[in-house]
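Enquirer: Sharing a structure below in structure tokens format, with a few things to ask.
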Amino acid sequence: MKNIFLYAAFTAFVFSNSVTAQEEIKIQDKYTAHNKGKFFVSWGGNRESYSKSDVTFKGKDYNFTIDNLKAQDKPKGWHVDYINPAKMTIPQTNFRMGYFINDHYSIAIGVDHMKYVMTQNQTANITGTIAGNTAFDGQYNNTPTVLTEQFLMYEHTDGLNYVNTEFSRHDDISSIFKIGNTDKIQVNLTEGVGVGVLYPKTNTTLMGKERHDDFHISGFGTSLKAGLNITFFKHFYIQGELKGGYINMQNIRTTQSTEDSASQDFFFFQRIIAVGGIFRI
């Protein structure tokens with residue numbers, strides 16, 4: 001009888017370990033159990049907010065600074081242009097392509113296509129000199145001035161292009177939502193840091209001068225982000241992100257003359273919704 005009990009106990013022990021091992025194998029067999037070696041690509045849209053910015057304009061006959069310039073983005077709303085290949089660059093968009101170097105960390109390159117539009121007809125203080133035989137000639141000393149279209153139109157609308165590299169961490173938090181099979185649906189938390197260059201096409205009409213209408217490397221940017229990623233059926237995901245950063249542009253082309261330029265720096269805050277895919281090659 002004693003031997004029977006020992007045999008039963010041993011059998012139960014082996015069976016229990018076998019079941020546990022099988023469960024572990026099943027978990028390890030899931031496509032979503034590991035990220036290392038996977039590629040991902042995403043496309044989405046954004047809204048932005050900007051801090052006030054001091055903008056300095058320099059040229060042969062002028063050198064002045066506009067204090068605390070206000071600006072906003074230029075939203076397209078829910079529009080078919082986001083998926084129209086011929087017009088995909090018109091709205092405010094985000095493109096990203098990356099690679100997982102291990103299960104938790106990825107490196108990616110991308111373009112945040114933002115739009116920055118000066119608030120027209122605002123009143124701002126100007127300090128400096130204009131002496132180009134224009135209607136705006138004079139000495140300005142913190143002088144309140146209405147920024148009319150005849151004096152200045154200023155925007156980065158094609159756009160405020162932040163070409164950047166991001167290093168991000170990813171964590172599966174599906175267990176918080178009691179999700180058992182992550183190959184069907186998986187919830188991930190992501191955080192990252194980015195750095196890059198600004199490559200805008202600035203649309204500026206300054207005191208009637210002919211505008212410069214070409215892309216130009218104008219400065220650099222840095223950013224931090226946090227987001228929530230929901231992946232469906234292993235390969236498709238939707239991701240929401242909050243991203244904040246700093247932009248410094250010290251070489252903005254404003255007119256056809258290479259003597260004319262502008263400089264500014266400011267903070268931005270983005271709200272992003274993107275869809276994407278994740279896969280192994």
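Here, A, B, ... name the chains of the structure tokens in the order displayed, residue numbers run from 1 inside each chain, and ligands are numbered from 1 in the same displayed order.
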Quick one: residues within 12 Å of A:Lys115, only C-alpha atoms, excluding same-chain residues fewer than 6 positions away - as a ChimeraX atom specification?

Expert: /A:45-50,71-76,89-94,154-162,199-203,268,270

Enquirer: Using only C-alpha atoms, find each residue of stretch 153-184 of chain A with at least one atom at most 10 Å away from an atom of stretch 28-40 of chain A; report its shortest atom-to-atom pair and that distance in Å (one decimal), sort the rows by chain and rising residue number, and return the result as a tab-separated table.

Expert:
```
residue	atom	partner	partner_atom	distance
A:His170	CA	A:Asn35	CA	9.2
A:Asp172	CA	A:Ala33	CA	9.0
A:Asn181	CA	A:Lys30	CA	8.3
A:Thr182	CA	A:Thr32	CA	6.3
A:Asp183	CA	A:Thr32	CA	5.8
A:Lys184	CA	A:Thr32	CA	9.2
```

Enquirer: Please, could you write that set of residues out with C-alpha atoms as an mmCIF file, in the first residue's frame?

Expert:
```cif
data_model
loop_
_atom_site.group_PDB
_atom_site.id
_atom_site.type_symbol
_atom_site.label_atom_id
_atom_site.label_comp_id
_atom_site.auth_asym_id
_atom_site.auth_seq_id
_atom_site.Cartn_x
_atom_site.Cartn_y
_atom_site.Cartn_z
ATOM 1 C CA HIS A 170 8.470 48.637 -25.075
ATOM 2 C CA ASP A 172 3.856 44.212 -22.629
ATOM 3 C CA ASN A 181 -3.573 35.094 -25.703
ATOM 4 C CA THR A 182 -1.385 38.027 -26.776
ATOM 5 C CA ASP A 183 -1.232 36.655 -30.329
ATOM 6 C CA LYS A 184 -4.835 37.831 -30.690
#
```

Enquirer: Given only C-alpha atoms as the basis, pick out the residue of A:Gln256, A:Asn133, A:Asn188, A:Asn121 nearest to A:Ile230.

Expert: A:Asn188

Enquirer: State, in Å with one decimal place, the distance from atom CA of A:Ser257 to atom CA of A:Lys70.

Expert: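 Separation between atom CA of A:Ser257 and atom CA of A:Lys70: 25.8 Å.
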
Enquirer: Residues within 10 Å of A:Arg169, please, as a PyMOL selection string. Count only C-alpha atoms; anything in the same chain fewer than 5 positions from it doesn't count.

Expert: chain A and resi 100+102-107+188-193+226

Enquirer: Return the single residue from A:Arg253, A:Met118, A:Gly240, A:Ser263 that is closest to A:Val55, with distances computed using only C-alpha atoms.

Expert: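 Using only C-alpha atoms, the shortest distance to A:Val55 belongs to A:Ser263.
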
Enquirer: Hey, what's within 6 Å of stretch 214-220 of chain A if we count only C-alpha atoms and toss same-chain stuff fewer than 4 positions away? As a PDB file with C-alpha atoms, in the first residue's frame, please?

Expert:
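Writing done, so here's result-v4.pdb:
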```
ATOM      1  CA  GLY A 196      17.078  65.014 -35.395  1.00  0.00           C
ATOM      2  CA  VAL A 197      17.242  67.896 -37.846  1.00  0.00           C
ATOM      3  CA  LEU A 198      14.614  70.372 -39.068  1.00  0.00           C
ATOM      4  CA  TYR A 199      14.082  70.376 -42.826  1.00  0.00           C
ATOM      5  CA  PRO A 200      11.253  72.856 -43.433  1.00  0.00           C
ATOM      6  CA  LYS A 201       9.883  74.538 -46.507  1.00  0.00           C
ATOM      7  CA  ASN A 248      16.106  75.328 -32.477  1.00  0.00           C
ATOM      8  CA  MET A 249      16.321  76.819 -35.973  1.00  0.00           C
ATOM      9  CA  GLN A 250      19.122  79.316 -36.477  1.00  0.00           C
ATOM     10  CA  ASN A 251      19.228  79.227 -40.287  1.00  0.00           C
ATOM     11  CA  ILE A 252      15.753  79.764 -41.750  1.00  0.00           C
TER      12      ILE A 252
END
```

Enquirer: I'd like the contact shell of A:Arg96 - 7 Å cut-off, only C-alpha atoms, skipping same-chain residues fewer than 2 positions apart - returned as a PyMOL selection string.

Expert: chain A and resi 41-43+94+98+108-111

Enquirer: Would you mind exporting N, CA, C and O atoms of the selected residues as a short mmCIF file (atom, residue, chain, number, x, y, z; two decimals), in the first residue's frame?

Expert:
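Here's the written file part-v8.cif:
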```cif
data_model
loop_
_atom_site.label_atom_id
_atom_site.label_comp_id
_atom_site.auth_asym_id
_atom_site.auth_seq_id
_atom_site.Cartn_x
_atom_site.Cartn_y
_atom_site.Cartn_z
N VAL A 41 6.66 49.40 -39.06
CA VAL A 41 6.47 50.63 -39.83
C VAL A 41 5.10 51.18 -39.48
O VAL A 41 4.15 50.42 -39.28
N SER A 42 4.98 52.51 -39.40
CA SER A 42 3.69 53.11 -39.05
C SER A 42 3.47 54.42 -39.80
O SER A 42 4.42 55.06 -40.26
N TRP A 43 2.20 54.79 -39.88
CA TRP A 43 1.78 56.03 -40.55
C TRP A 43 0.60 56.60 -39.77
O TRP A 43 -0.31 55.87 -39.40
N ASN A 94 2.84 61.57 -39.54
CA ASN A 94 3.99 60.96 -38.88
C ASN A 94 4.30 59.63 -39.55
O ASN A 94 3.43 58.76 -39.65
N GLY A 98 11.23 51.08 -37.95
CA GLY A 98 12.21 50.73 -36.95
C GLY A 98 12.49 49.24 -36.83
O GLY A 98 11.89 48.41 -37.53
N ALA A 108 14.54 53.58 -34.36
CA ALA A 108 13.70 53.89 -35.51
C ALA A 108 14.11 55.22 -36.13
O ALA A 108 14.71 56.08 -35.48
N ILE A 109 13.77 55.37 -37.41
CA ILE A 109 13.92 56.64 -38.10
C ILE A 109 12.54 57.07 -38.57
O ILE A 109 11.67 56.23 -38.82
N GLY A 110 12.33 58.38 -38.67
CA GLY A 110 11.01 58.83 -39.08
C GLY A 110 10.97 60.31 -39.38
O GLY A 110 11.97 61.03 -39.21
N VAL A 111 9.82 60.75 -39.83
CA VAL A 111 9.58 62.17 -40.13
C VAL A 111 8.29 62.60 -39.46
O VAL A 111 7.23 62.00 -39.70
#
```

Enquirer: How many Å separate atom CA of A:Gly244 from atom CA of A:Lys52?

Expert: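 Atom CA of A:Gly244 sits 14.7 Å away from atom CA of A:Lys52.
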
Enquirer: Which residues are close to A:Ile185, i.e. within 10 Å by only C-alpha atoms, leaving aside same-chain residues fewer than 5 positions away? Reply as a PyMOL selection string.

Expert: chain A and resi 32+174+179-180+230-237

Enquirer: Using DSSP on the backbone, list every residue of stretch 5-219 of chain A that comes out as helix (DSSP H, G or I), and give them as an MDAnalysis selection string.

Expert: chainID A and resid 5:29 31:33 80:82 174:177

Enquirer: What lies within 7 Å of A:Thr65 using only C-alpha atoms, ignoring chain neighbours under 3 positions off, as a short mmCIF file (atom, residue, chain, number, x, y, z; two decimals) with N, CA and C atoms, in the first residue's frame?

Expert:
```
data_model
loop_
_atom_site.label_atom_id
_atom_site.label_comp_id
_atom_site.auth_asym_id
_atom_site.auth_seq_id
_atom_site.Cartn_x
_atom_site.Cartn_y
_atom_site.Cartn_z
N ASP A 54 10.57 83.99 -29.71
CA ASP A 54 11.20 85.22 -30.19
C ASP A 54 11.83 84.91 -31.55
N VAL A 55 11.43 85.63 -32.58
CA VAL A 55 11.93 85.38 -33.94
C VAL A 55 12.73 86.59 -34.41
N THR A 56 13.96 86.34 -34.83
CA THR A 56 14.84 87.41 -35.31
C THR A 56 14.96 87.34 -36.82
N PHE A 57 14.72 88.49 -37.49
CA PHE A 57 14.84 88.59 -38.94
C PHE A 57 16.04 89.49 -39.25
N ILE A 126 8.29 94.65 -31.06
CA ILE A 126 9.42 94.51 -31.98
C ILE A 126 10.56 95.40 -31.50
N THR A 127 11.77 94.86 -31.56
CA THR A 127 12.98 95.61 -31.20
C THR A 127 13.99 95.47 -32.33
N GLY A 128 14.50 96.62 -32.83
CA GLY A 128 15.50 96.57 -33.89
C GLY A 128 15.32 97.69 -34.88
#
```

Enquirer: How far is it from atom CA of A:Thr222 to atom CA of A:Phe95, in Å with one decimal?

Expert: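 Between atom CA of A:Thr222 and atom CA of A:Phe95 the gap works out to 16.7 Å.
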
Enquirer: Quick check for you: according to DSSP on this backbone, which residues of stretch 60-262 of chain A are classed as strand (DSSP E or B)? Reply as a PyMOL selection string.

Expert: chain A and resi 62-69+71-72+93-100+105-118+123-130+138-146+152-172+185-198+202-206+211+219-232+236-253+255+261-262
